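Pasting final-v4.txt here (compact mmCIF, C-alpha atoms (C1' of nucleotides)):
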# COMPACT_ATOMS: atom_id res chain seq x y z
CA MET A 12 0.00 0.00 0.00
CA HIS A 13 2.89 2.37 0.61
CA PRO A 14 5.27 3.58 -2.06
CA ASN A 15 8.34 2.93 0.00
CA ASP A 16 7.32 -0.64 0.67
CA PRO A 17 9.97 -2.71 -1.14
CA GLN A 18 7.19 -5.02 -2.33
CA PHE A 19 6.04 -2.37 -4.79
CA THR A 20 9.11 -0.44 -5.90
CA PHE A 21 9.39 0.78 -9.45
CA GLN A 22 12.72 1.48 -11.09
CA VAL A 23 13.24 3.10 -14.46
CA GLN A 24 16.14 1.30 -16.12
CA ALA A 25 16.38 3.29 -19.31
CA SER A 26 14.48 5.91 -21.24
CA ALA A 27 14.19 6.97 -24.85
CA GLY A 28 12.61 10.35 -25.25
CA ARG A 29 9.67 10.14 -22.89
CA ALA A 30 9.46 6.36 -23.15
CA ARG A 31 10.69 4.36 -20.20
CA ALA A 32 11.77 0.77 -19.57
CA GLY A 33 11.27 -0.21 -15.96
CA VAL A 34 10.65 -2.95 -13.44
CA PHE A 35 7.78 -3.06 -10.98
CA HIS A 36 8.05 -5.43 -8.03
CA THR A 37 4.99 -7.26 -6.72
CA PRO A 38 4.49 -10.10 -4.23
CA HIS A 39 3.93 -12.50 -7.14
CA GLY A 40 6.87 -11.46 -9.26
CA VAL A 41 8.50 -8.70 -11.20
CA ILE A 42 6.68 -6.90 -14.02
CA GLU A 43 9.01 -5.62 -16.71
CA THR A 44 7.55 -2.52 -18.37
CA PRO A 45 6.25 -1.50 -20.78
CA VAL A 46 3.86 -4.41 -20.43
CA PHE A 47 0.58 -5.48 -21.98
CA ALA A 48 -1.78 -7.28 -19.58
CA PRO A 49 -4.35 -9.75 -20.96
CA VAL A 50 -7.83 -9.31 -19.49
CA GLY A 51 -9.32 -12.20 -17.54
CA THR A 52 -12.59 -10.68 -16.42
CA ALA A 53 -14.19 -13.70 -14.81
CA ALA A 54 -10.98 -15.18 -13.39
CA THR A 55 -10.05 -16.55 -16.80
CA VAL A 56 -8.54 -15.08 -19.91
CA LYS A 57 -11.29 -16.39 -22.11
CA ALA A 58 -10.39 -19.53 -24.08
CA LEU A 59 -6.86 -19.79 -22.65
CA THR A 60 -5.22 -21.92 -19.97
CA PRO A 61 -2.65 -20.42 -17.58
CA ALA A 62 -0.01 -22.56 -19.32
CA GLN A 63 -0.91 -20.95 -22.65
CA LEU A 64 -0.72 -17.50 -21.07
CA GLU A 65 2.72 -18.32 -19.80
CA GLU A 66 3.85 -19.50 -23.22
CA ILE A 67 2.53 -16.26 -24.73
CA GLY A 68 4.82 -14.44 -22.32
CA ALA A 69 2.16 -12.75 -20.20
CA SER A 70 3.40 -11.44 -16.87
CA LEU A 71 0.46 -9.42 -15.52
CA VAL A 72 -3.17 -10.54 -15.83
CA LEU A 73 -6.29 -8.49 -15.13
CA SER A 74 -9.46 -9.60 -13.43
CA ASN A 75 -12.60 -7.83 -12.38
CA THR A 76 -14.30 -6.87 -9.15
CA TYR A 77 -17.80 -6.37 -10.55
CA HIS A 78 -17.94 -9.75 -12.28
CA LEU A 79 -16.35 -11.83 -9.52
CA TYR A 80 -18.47 -10.17 -6.84
CA LEU A 81 -21.63 -11.12 -8.73
CA ARG A 82 -20.35 -14.58 -9.67
CA PRO A 83 -19.07 -16.66 -7.95
CA GLY A 84 -18.78 -14.12 -5.10
CA ASP A 85 -15.60 -12.65 -3.64
CA ASP A 86 -16.15 -14.50 -0.36
CA LEU A 87 -16.12 -17.79 -2.25
CA VAL A 88 -12.88 -16.82 -4.01
CA ALA A 89 -11.36 -15.94 -0.63
CA GLU A 90 -12.53 -19.26 0.79
CA MET A 91 -10.81 -21.04 -2.10
CA GLY A 92 -7.52 -19.37 -1.27
CA GLY A 93 -7.76 -16.13 -3.24
CA LEU A 94 -7.67 -15.35 -6.93
CA HIS A 95 -4.16 -16.66 -7.63
CA ALA A 96 -4.95 -20.10 -6.23
CA PHE A 97 -8.49 -20.12 -7.60
CA MET A 98 -7.55 -19.47 -11.23
CA GLN A 99 -4.12 -21.06 -10.94
CA TRP A 100 -2.22 -18.02 -12.12
CA GLU A 101 0.81 -17.55 -9.92
CA GLY A 102 2.03 -14.36 -11.58
CA PRO A 103 0.96 -10.82 -10.76
CA ILE A 104 -2.76 -9.99 -10.97
CA LEU A 105 -4.51 -6.62 -11.15
CA THR A 106 -8.21 -6.23 -10.35
CA ASP A 107 -10.25 -3.40 -11.75
CA SER A 108 -12.48 -1.79 -9.14
CA GLY A 109 -15.83 -2.40 -10.80
CA GLY A 110 -16.47 1.29 -11.33
CA PHE A 111 -16.35 1.02 -15.10
CA GLN A 112 -18.65 -2.03 -15.25
CA VAL A 113 -21.21 -0.55 -12.91
CA PHE A 114 -21.77 2.13 -15.53
CA SER A 115 -21.24 0.12 -18.70
CA LEU A 116 -22.94 -3.18 -17.86
CA ALA A 117 -25.42 -2.91 -15.03
CA ASP A 118 -29.00 -2.72 -16.30
CA THR A 119 -29.74 0.38 -14.31
CA ASN A 120 -27.58 2.35 -11.96
CA HIS A 121 -27.93 5.30 -9.71
CA VAL A 122 -24.84 7.21 -8.66
CA ASP A 123 -24.59 9.55 -5.71
CA ASP A 124 -21.68 11.01 -3.81
CA ASP A 125 -21.51 8.01 -1.53
CA GLY A 126 -21.52 5.26 -4.18
CA VAL A 127 -23.52 3.48 -6.87
CA THR A 128 -26.66 1.37 -6.65
CA PHE A 129 -27.11 -0.94 -9.60
CA ARG A 130 -28.94 -4.00 -10.84
CA SER A 131 -27.02 -7.14 -11.76
CA HIS A 132 -26.90 -7.92 -15.48
CA ILE A 133 -27.13 -11.60 -14.51
CA ASP A 134 -30.28 -11.81 -12.41
CA GLY A 135 -31.51 -8.25 -11.94
CA SER A 136 -30.79 -8.25 -8.23
CA THR A 137 -29.94 -4.90 -6.63
CA HIS A 138 -26.48 -4.16 -5.25
CA ARG A 139 -24.54 -1.20 -3.96
CA PHE A 140 -20.88 -0.41 -4.49
CA THR A 141 -19.04 2.20 -2.48
CA PRO A 142 -15.29 2.79 -2.36
CA GLU A 143 -15.19 0.80 0.88
CA LYS A 144 -17.14 -2.08 -0.66
CA SER A 145 -14.94 -2.19 -3.75
CA ILE A 146 -11.80 -2.35 -1.59
CA ALA A 147 -13.30 -5.04 0.65
CA ILE A 148 -14.10 -7.15 -2.43
CA GLN A 149 -10.65 -6.58 -3.89
CA GLU A 150 -9.06 -7.57 -0.58
CA ASN A 151 -11.04 -10.81 -0.68
CA LEU A 152 -9.88 -11.44 -4.23
CA GLY A 153 -6.28 -10.73 -3.27
CA ALA A 154 -4.74 -9.29 -6.44
CA ASP A 155 -1.30 -7.67 -6.28
CA ILE A 156 -2.53 -4.41 -7.76
CA ILE A 157 -5.99 -3.09 -6.91
CA MET A 158 -7.74 -0.11 -8.43
CA ALA A 159 -9.52 2.79 -6.81
CA PHE A 160 -13.29 2.93 -7.29
CA ASP A 161 -13.84 5.71 -9.83
CA GLN A 162 -16.43 7.24 -12.11
CA CYS A 163 -15.64 7.28 -15.82
CA PRO A 164 -17.73 10.07 -17.44
CA GLU A 165 -18.55 10.97 -21.02
CA PRO A 166 -15.36 12.77 -22.07
CA TYR A 167 -16.94 15.80 -23.74
CA ASP A 168 -19.64 16.74 -21.25
CA ARG A 169 -17.64 19.13 -19.10
CA GLU A 170 -20.23 19.48 -16.39
CA SER A 171 -20.46 15.76 -15.75
CA VAL A 172 -16.67 15.42 -16.01
CA VAL A 173 -16.24 18.04 -13.28
CA LYS A 174 -18.56 16.05 -11.02
CA ALA A 175 -16.93 12.73 -11.87
CA VAL A 176 -13.44 14.08 -11.18
CA GLU A 177 -14.49 15.44 -7.81
CA ARG A 178 -16.24 12.21 -6.89
CA THR A 179 -13.31 10.11 -8.09
CA HIS A 180 -10.99 12.10 -5.82
CA ARG A 181 -13.20 11.76 -2.74
CA TRP A 182 -13.60 8.06 -3.47
CA LEU A 183 -9.82 7.65 -3.79
CA GLU A 184 -9.34 9.09 -0.30
CA ARG A 185 -11.91 6.64 1.01
CA CYS A 186 -10.32 3.69 -0.83
CA LEU A 187 -6.96 4.53 0.70
CA LYS A 188 -8.49 4.77 4.16
CA ALA A 189 -10.46 1.54 3.73
CA GLY A 190 -7.49 -0.62 2.72
CA THR A 191 -6.11 -2.99 5.34
CA ARG A 192 -3.84 -5.36 3.41
CA LYS A 193 -0.20 -4.39 3.05
CA ASP A 194 0.46 -6.82 0.21
CA GLN A 195 -1.73 -5.00 -2.32
CA ALA A 196 -0.76 -1.86 -4.24
CA LEU A 197 -3.60 0.63 -4.65
CA PHE A 198 -3.45 2.62 -7.88
CA GLY A 199 -5.35 5.90 -8.10
CA ILE A 200 -7.12 6.89 -11.31
CA VAL A 201 -6.88 10.21 -13.13
CA GLN A 202 -10.07 11.34 -14.87
CA GLY A 203 -10.92 14.61 -16.63
CA GLY A 204 -12.19 13.69 -20.07
CA VAL A 205 -10.75 15.81 -22.86
CA HIS A 206 -10.38 18.90 -20.66
CA PRO A 207 -6.72 19.73 -19.96
CA ASP A 208 -7.37 21.80 -16.84
CA LEU A 209 -9.47 19.03 -15.28
CA ARG A 210 -6.90 16.40 -16.24
CA GLU A 211 -4.14 18.48 -14.71
CA GLN A 212 -6.14 19.04 -11.56
CA SER A 213 -6.91 15.33 -11.30
CA ALA A 214 -3.28 14.32 -11.89
CA ALA A 215 -2.14 16.72 -9.18
CA PHE A 216 -4.62 15.31 -6.69
CA VAL A 217 -3.83 11.67 -7.39
CA THR A 218 -0.10 12.40 -7.27
CA SER A 219 -0.53 14.07 -3.89
CA MET A 220 -1.78 10.76 -2.45
CA ASP A 221 1.70 9.30 -2.95
CA LEU A 222 0.46 5.95 -4.28
CA PRO A 223 2.62 3.14 -5.72
CA GLY A 224 1.15 3.65 -9.17
CA VAL A 225 -1.14 5.92 -11.17
CA ALA A 226 -3.73 4.99 -13.76
CA ILE A 227 -5.12 7.15 -16.53
CA GLY A 228 -8.79 6.38 -17.02
CA GLY A 229 -11.41 7.71 -19.36
CA LEU A 230 -9.40 7.42 -22.56
CA ALA A 231 -10.27 5.44 -25.68
CA VAL A 232 -13.91 6.09 -24.84
CA GLY A 233 -14.81 8.16 -27.90
CA GLU A 234 -12.31 11.01 -27.99
CA THR A 235 -10.01 11.56 -30.97
CA LYS A 236 -6.50 10.17 -31.21
CA ALA A 237 -5.14 13.70 -31.13
CA GLU A 238 -6.97 14.32 -27.87
CA MET A 239 -5.70 11.07 -26.43
CA HIS A 240 -2.13 11.95 -27.36
CA ALA A 241 -2.43 15.46 -25.98
CA THR A 242 -3.78 14.06 -22.72
CA LEU A 243 -0.93 11.55 -22.49
CA GLU A 244 1.63 14.29 -23.09
CA LEU A 245 0.03 16.39 -20.38
CA MET A 246 0.05 13.40 -18.01
CA ASP A 247 3.72 12.81 -18.77
CA ARG A 248 4.45 16.30 -17.51
CA CYS A 249 2.20 16.02 -14.44
CA LEU A 250 2.84 12.53 -13.09
CA PRO A 251 5.85 11.47 -11.02
CA GLU A 252 8.55 9.69 -12.99
CA ASP A 253 9.24 7.14 -10.31
CA ARG A 254 5.80 5.50 -10.36
CA PRO A 255 4.34 3.20 -13.00
CA ARG A 256 1.71 4.71 -15.27
CA TYR A 257 -1.17 2.53 -16.30
CA LEU A 258 -3.31 3.48 -19.31
CA MET A 259 -6.58 1.68 -18.74
CA GLY A 260 -8.30 -0.19 -21.52
CA VAL A 261 -5.88 0.54 -24.36
CA GLY A 262 -5.39 -0.77 -26.99
CA THR A 263 -4.27 -1.58 -30.46
CA PRO A 264 -0.65 -2.12 -31.56
CA LEU A 265 -0.46 1.47 -32.78
CA ASP A 266 -2.02 2.75 -29.55
CA LEU A 267 0.68 0.91 -27.58
CA VAL A 268 3.46 2.47 -29.59
CA ASN A 269 1.99 5.95 -29.37
CA ALA A 270 1.38 5.71 -25.64
CA ILE A 271 4.74 4.17 -24.82
CA ARG A 272 6.39 7.03 -26.68
CA ARG A 273 4.45 9.32 -24.33
CA GLY A 274 5.57 7.66 -21.13
CA ILE A 275 3.03 4.89 -20.44
CA ASP A 276 4.21 1.69 -18.74
CA ILE A 277 1.20 -0.60 -18.32
CA PHE A 278 -1.66 -1.47 -20.68
CA ASP A 279 -4.64 -3.76 -20.72
CA CYS A 280 -7.28 -4.24 -23.36
CA VAL A 281 -10.07 -6.63 -24.23
CA LEU A 282 -9.57 -6.00 -27.92
CA PRO A 283 -7.18 -8.87 -28.73
CA THR A 284 -9.33 -11.52 -27.07
CA ARG A 285 -12.66 -10.03 -28.09
CA MET A 286 -11.57 -9.68 -31.69
CA ALA A 287 -10.28 -13.25 -31.56
CA ARG A 288 -13.79 -14.36 -30.72
CA ASN A 289 -15.19 -12.14 -33.45
CA ASN A 290 -12.91 -13.78 -36.01
CA SER A 291 -10.37 -11.01 -36.47
CA ALA A 292 -6.63 -11.36 -36.11
CA LEU A 293 -4.48 -8.42 -35.09
CA LEU A 294 -1.38 -7.94 -37.15
CA ARG A 295 1.58 -6.13 -35.81
CA ASN A 296 2.70 -4.43 -38.97
CA GLY A 297 -0.21 -4.68 -41.33
CA GLY A 298 -3.42 -3.74 -39.59
CA ARG A 299 -5.88 -6.52 -39.08
CA LEU A 300 -7.07 -9.65 -40.80
CA ASN A 301 -10.69 -10.78 -40.73
CA LEU A 302 -10.09 -14.49 -41.02
CA LYS A 303 -13.73 -15.16 -41.82
CA ASN A 304 -13.22 -13.53 -45.21
CA ALA A 305 -13.79 -15.93 -48.07
CA PRO A 306 -10.40 -15.50 -49.80
CA PHE A 307 -8.67 -17.23 -46.87
CA ALA A 308 -10.56 -20.48 -47.41
CA ARG A 309 -7.66 -21.89 -49.45
CA ASP A 310 -4.79 -19.86 -47.99
CA PRO A 311 -2.01 -22.19 -46.80
CA GLY A 312 0.03 -19.45 -45.11
CA PRO A 313 0.05 -18.43 -41.43
CA ILE A 314 -1.83 -15.41 -40.09
CA ASP A 315 1.40 -13.43 -39.95
CA ASP A 316 4.68 -14.51 -41.56
CA SER A 317 6.72 -12.59 -39.01
CA CYS A 318 4.87 -13.93 -35.94
CA GLY A 319 6.42 -16.58 -33.72
CA CYS A 320 3.29 -17.60 -31.81
CA TYR A 321 2.11 -21.20 -31.57
CA THR A 322 -0.80 -20.53 -33.91
CA CYS A 323 1.35 -18.98 -36.62
CA ARG A 324 4.04 -21.65 -36.25
CA THR A 325 1.47 -24.42 -36.64
CA PHE A 326 -1.72 -23.60 -38.52
CA SER A 327 -2.77 -22.22 -41.90
CA ARG A 328 -5.26 -19.45 -42.49
CA ALA A 329 -7.38 -22.04 -44.32
CA TYR A 330 -7.57 -24.23 -41.22
CA LEU A 331 -8.36 -21.30 -38.93
CA ARG A 332 -11.09 -20.12 -41.28
CA HIS A 333 -12.54 -23.61 -41.30
CA LEU A 334 -12.67 -23.63 -37.49
CA ILE A 335 -14.43 -20.27 -37.56
CA ALA A 336 -16.94 -21.33 -40.19
CA ALA A 337 -17.64 -24.56 -38.30
CA ARG A 338 -17.96 -22.62 -35.05
CA GLU A 339 -15.36 -24.78 -33.43
CA MET A 340 -14.31 -23.41 -30.06
CA LEU A 341 -10.64 -23.98 -30.85
CA SER A 342 -10.76 -20.94 -33.14
CA ALA A 343 -11.18 -18.66 -30.12
CA THR A 344 -8.17 -20.26 -28.46
CA LEU A 345 -5.87 -20.13 -31.46
CA LEU A 346 -6.80 -16.56 -32.43
CA SER A 347 -6.52 -15.39 -28.81
CA ILE A 348 -3.05 -16.91 -28.64
CA HIS A 349 -2.03 -15.00 -31.74
CA ASN A 350 -3.57 -11.67 -30.75
CA LEU A 351 -2.20 -11.71 -27.22
CA TYR A 352 1.21 -12.82 -28.41
CA THR A 353 1.16 -9.91 -30.82
CA LEU A 354 0.47 -7.31 -28.12
CA VAL A 355 2.43 -8.87 -25.26
CA GLY A 356 5.32 -9.42 -27.66
CA LEU A 357 5.07 -5.90 -29.03
CA ALA A 358 5.31 -4.38 -25.55
CA ARG A 359 8.26 -6.65 -24.79
CA ASP A 360 10.03 -5.75 -28.03
CA LEU A 361 9.45 -2.03 -27.52
CA ARG A 362 10.91 -2.40 -24.03
CA GLN A 363 13.96 -3.99 -25.60
CA GLY A 364 14.04 -1.18 -28.11
CA ILE A 365 14.12 1.38 -25.29
CA LEU A 366 16.96 -0.49 -23.57
CA GLU A 367 18.93 -0.69 -26.82
CA GLY A 368 18.16 2.80 -28.09
CA ARG A 369 16.24 1.75 -31.19
CA LEU A 370 12.67 2.46 -30.11
CA GLU A 371 11.91 4.83 -32.97
CA ASP A 372 13.04 2.27 -35.56
CA LEU A 373 10.60 -0.27 -34.14
CA ALA A 374 7.83 2.28 -33.77
CA ALA A 375 8.11 3.31 -37.40
CA GLY A 376 7.10 -0.19 -38.50
CA ILE A 377 3.74 -0.22 -36.73
CA SER A 378 0.67 0.75 -38.71
CA ALA A 379 -2.91 1.37 -37.72
CA THR A 380 -5.26 -1.45 -36.91
C1' G B 10 -53.14 -46.63 -60.67
C1' C B 11 -56.62 -43.21 -57.76
C1' G B 12 -57.08 -39.21 -54.24
C1' A B 13 -55.42 -35.26 -50.93
C1' U B 14 -51.82 -31.68 -49.75
C1' A B 15 -47.72 -28.86 -51.06
C1' G B 16 -44.04 -26.38 -54.52
C1' U B 17 -41.97 -18.43 -53.53
C1' A B 18 -34.17 -16.22 -52.19
C1' G B 19 -29.01 -21.26 -50.55
C1' C B 20 -32.61 -22.97 -46.08
C1' U B 21 -37.38 -22.29 -43.17
C1' C B 22 -41.44 -19.58 -44.39
C1' A B 23 -44.73 -14.73 -45.17
C1' A B 24 -47.44 -12.03 -48.85
C1' U B 25 -55.45 -9.53 -46.61
C1' C B 26 -60.70 -9.67 -51.62
C1' G B 27 -56.28 -10.65 -57.68
C1' G B 28 -53.06 -4.59 -56.72
C1' C B 29 -45.09 -2.40 -56.04
C1' A B 30 -42.44 -10.28 -53.96
C1' G B 31 -40.91 -9.77 -48.08
C1' A B 32 -38.73 -11.65 -43.27
C1' G B 33 -35.55 -14.67 -40.30
C1' C B 34 -31.44 -17.60 -40.87
C1' G B 35 -27.32 -18.41 -44.25
C1' C B 36 -23.84 -16.13 -47.41
C1' C B 37 -20.58 -11.56 -48.24
C1' G B 38 -18.38 -7.47 -45.70
C1' C B 39 -17.62 -3.62 -41.64
C1' A B 40 -17.30 -2.07 -36.56
C1' C B 41 -15.53 -3.44 -31.57
C1' U B 42 -10.19 -0.26 -26.66
C1' G B 43 -10.64 -0.68 -17.47
C1' U B 44 -15.08 -8.20 -21.82
C1' G B 45 -22.28 -10.23 -20.99
C1' G B 46 -18.02 -16.19 -25.21
C1' A B 47 -21.65 -9.92 -25.81
C1' U B 48 -23.36 -6.50 -29.43
C1' G B 49 -24.25 -3.26 -33.46
C1' C B 50 -24.19 -1.87 -38.76
C1' G B 51 -24.21 -2.51 -44.06
C1' G B 52 -24.61 -5.65 -48.47
C1' U B 53 -25.80 -9.88 -51.84
C1' G B 54 -29.80 -12.74 -52.79
C1' G B 55 -36.08 -14.22 -57.21
C1' U B 56 -38.01 -16.32 -64.85
C1' U B 57 -42.88 -17.45 -57.42
C1' G B 58 -41.40 -25.85 -60.34
C1' A B 59 -42.59 -25.73 -65.99
C1' G B 60 -46.14 -24.47 -70.01
C1' G B 61 -50.62 -22.21 -71.46
C1' G B 62 -55.28 -19.33 -70.32
C1' U B 63 -58.63 -15.38 -67.91
C1' U B 64 -57.75 -10.15 -66.43
C1' C B 65 -56.06 -3.26 -66.89
C1' A B 66 -53.30 -6.29 -63.32
C1' A B 67 -51.79 -13.36 -61.40
C1' G B 68 -47.39 -16.00 -56.15
C1' U B 69 -52.89 -15.74 -55.72
C1' C B 70 -58.19 -17.73 -60.36
C1' C B 71 -58.65 -21.79 -64.56
C1' C B 72 -56.31 -25.87 -67.66
C1' U B 73 -52.12 -29.10 -68.69
C1' U B 74 -47.66 -31.02 -66.90
C1' C B 75 -43.48 -32.20 -63.52
C1' U B 76 -41.80 -33.11 -58.53
C1' A B 77 -42.39 -34.22 -53.26
C1' U B 78 -45.14 -36.00 -49.02
C1' C B 79 -49.26 -38.58 -47.09
C1' G B 80 -53.49 -41.78 -47.70
C1' C B 81 -56.16 -45.59 -50.50
C1' C B 82 -56.27 -50.12 -53.98
Using the file provided, produce a representation of the structure as structure tokens.
Amino acid sequence: MHPNDPQFTFQVQASAGRARAGVFHTPHGVIETPVFAPVGTAATVKALTPAQLEEIGASLVLSNTYHLYLRPGDDLVAEMGGLHAFMQWEGPILTDSGGFQVFSLADTNHVDDDGVTFRSHIDGSTHRFTPEKSIAIQENLGADIIMAFDQCPEPYDRESVVKAVERTHRWLERCLKAGTRKDQALFGIVQGGVHPDLREQSAAFVTSMDLPGVAIGGLAVGETKAEMHATLELMDRCLPEDRPRYLMGVGTPLDLVNAIRRGIDIFDCVLPTRMARNNSALLRNGGRLNLKNAPFARDPGPIDDSCGCYTCRTFSRAYLRHLIAAREMLSATLLSIHNLYTLVGLARDLRQGILEGRLEDLAAGISAT
RNA sequence: GCGAUAGUAGCUCAAUCGGCAGAGCGCCGCACUGUGGAUGCGGUGGUUGAGGGUUCAAGUCCCUUCUAUCGCC
């Protein structure tokens, strides 16, 4: 919980422009940054085993407070020995606070200054999250990194952003006060939409809490790329250099490159696994491939010639397209392996590029998805 | 052999009294950024089994024929 706790130290090993290569220490191992974290919402990275995640090279895995609280229940997870033991992932885990899901998934929700009342998307039952409740759940789950309970507003509606920023700050104070475990790092979340003054104000407040890490929320939610980049540049100037910076919910290969060049250390995104289940393959250097497309029916080549993942080493596009057309569940597994390997590997390679002073060469080869 | 019923998009089916031939699925493609294995969007698609007749107008009514299913000798 405390920045000086050796469990959660962060060291910058090298930098290239504003990009940094660092190491973040957690009770379940060291995270080398920049890093891309696969999302395992319901205590599983969908379609993948922990062994496959390890082979992909994943170090940090996300899970989710909202989903695990509703099912199977955080008390059950605690009873089964905590999230690491439950899902058999012995590496570092980060849990999101549930704030985002309460607004994006719950059938109805009512927010006030104290917390949020919402109805479960599973059975319609009514629940209430407060900062204290979110922390209590996350302590039951037992992740290495836990997130403050925040409110993610529409980025352009200044009035609601002002309210959300204020609320997010009050809630952060309460999260910090509510925490009892010393083996979990609480990250605060900067909000502020597309408004520089609000972003700056939020960054200053979160920084003042002297937390082991800072997250940037409310990006990739509808704003332009230029606005995202401007916000990241502003954050680079406002946030302390000696703490990891986590850009929540981003992104594509190009987003990773652009954010790393602006000082971001940690990423997570559902895109690679969701797109895998929607039949699209992410390519590192050439955009994306919709494998369902008819021309691939007789294509003997791999998804990506330059990819070293198990799927690309082993299977043809024709075979993968067949699995998709036949609705075989293996397609989700094989495409998820490729997409996660692409992003996890990209972050790893860019880290190497920072260490070896050739980041810009690598960055130049990445095109839009 | 006789009788009944049916035949419309790749599939399953709509189409009022005869009045612009449609939907779902499939197929083809697009989107997806702190995951509901979710979701949304766009597109292609027709000699209405075949042939003839009535009518201003036929998927629809009449005749012939083919096919399928069921029933009966």
> Residues of chain A within 7 Å of chain B, using all atoms listed in the file, as a PyMOL selection string?
Replying inline: chain A and resi 52+107+111+231+259-262+280-282+285
Save out the residues we just selected, C-alpha atoms, as a PDB file, in the coordinates of the input.
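Contents of the output file again_33.pdb:
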ATOM      1  CA  THR A  52     -12.590 -10.680 -16.420  1.00  0.00           C
ATOM      2  CA  ASP A 107     -10.250  -3.400 -11.750  1.00  0.00           C
ATOM      3  CA  PHE A 111     -16.350   1.020 -15.100  1.00  0.00           C
ATOM      4  CA  ALA A 231     -10.270   5.440 -25.680  1.00  0.00           C
ATOM      5  CA  MET A 259      -6.580   1.680 -18.740  1.00  0.00           C
ATOM      6  CA  GLY A 260      -8.300  -0.190 -21.520  1.00  0.00           C
ATOM      7  CA  VAL A 261      -5.880   0.540 -24.360  1.00  0.00           C
ATOM      8  CA  GLY A 262      -5.390  -0.770 -26.990  1.00  0.00           C
ATOM      9  CA  CYS A 280      -7.280  -4.240 -23.360  1.00  0.00           C
ATOM     10  CA  VAL A 281     -10.070  -6.630 -24.230  1.00  0.00           C
ATOM     11  CA  LEU A 282      -9.570  -6.000 -27.920  1.00  0.00           C
ATOM     12  CA  ARG A 285     -12.660 -10.030 -28.090  1.00  0.00           C
TER      13      ARG A 285
END
>> Neighbouring residues of range 214-225 of chain A were defined as those with any atom within 7 Å, considering all atoms listed in the file; residues of the same chain fewer than 5 positions away were excluded. Please report them as a PyMOL selection string.
In response: chain A and resi 13-14+19+196-201+249-250+254-257
Contact table range 246-340 of chain A vs range 26-36 of chain B, cut-off 12 Å, shortest pair per residue, only C-alpha atoms (C1' of nucleotides), as CSV:
residue,atom,partner,partner_atom,distance
A:Lys303,CA,B:C36,C1',11.6
A:Asn304,CA,B:C36,C1',11.2
A:Ala305,CA,B:C36,C1',10.1
A:Ala336,CA,B:C36,C1',11.3
> Any idea what's packed within 9 Å of Ala89 in chain A, counting all atoms listed in the file, ignoring anything in its chain fewer than 3 positions away? Could you give it as number ranges by chain?
Replying inline: A: 84-86, 92-94, 97, 150-153
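Distance-wise, CA of Thr55 in chain A and CA of Val122 in chain A end up 29.1 Å apart.
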>> Set the distance at 12 Å and use only C-alpha atoms (C1' of nucleotides): which residues neighbour Ala30 in chain A once local chain neighbours fewer than 6 positions away are removed? I'd like the list as JSON, numbers by chain.
In response: {"A": [23, 24, 44, 45, 243, 244, 247, 252, 255, 256, 267, 268, 269, 270, 271, 272, 273, 274, 275, 276, 277, 358, 361, 362, 363, 364, 365, 366, 368, 369, 370, 371, 374]}
> What lies within 12 Å of range 57-61 of chain B using all atoms listed in the file, ignoring chain neighbours under 3 positions off, as a PyMOL selection string?
Replying inline: chain B and resi 15-18+24+30+67-69+71-77
> Please, what distance in Å, to one decimal, runs between CA of Gly40 in chain A and CA of Pro103 in chain A?
Replying inline: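 Computing it gives 6.1 Å between the two atoms.
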Output of range 58-81 of chain B limited to C-alpha atoms (C1' of nucleotides), as a compact mmCIF listing (two decimals), in the first residue's frame:
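This is the output file part-v4.txt:
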# COMPACT_ATOMS: atom_id res chain seq x y z
C1' G B 58 -41.40 -25.85 -60.34
C1' A B 59 -42.59 -25.73 -65.99
C1' G B 60 -46.14 -24.47 -70.01
C1' G B 61 -50.62 -22.21 -71.46
C1' G B 62 -55.28 -19.33 -70.32
C1' U B 63 -58.63 -15.38 -67.91
C1' U B 64 -57.75 -10.15 -66.43
C1' C B 65 -56.06 -3.26 -66.89
C1' A B 66 -53.30 -6.29 -63.32
C1' A B 67 -51.79 -13.36 -61.40
C1' G B 68 -47.39 -16.00 -56.15
C1' U B 69 -52.89 -15.74 -55.72
C1' C B 70 -58.19 -17.73 -60.36
C1' C B 71 -58.65 -21.79 -64.56
C1' C B 72 -56.31 -25.87 -67.66
C1' U B 73 -52.12 -29.10 -68.69
C1' U B 74 -47.66 -31.02 -66.90
C1' C B 75 -43.48 -32.20 -63.52
C1' U B 76 -41.80 -33.11 -58.53
C1' A B 77 -42.39 -34.22 -53.26
C1' U B 78 -45.14 -36.00 -49.02
C1' C B 79 -49.26 -38.58 -47.09
C1' G B 80 -53.49 -41.78 -47.70
C1' C B 81 -56.16 -45.59 -50.50
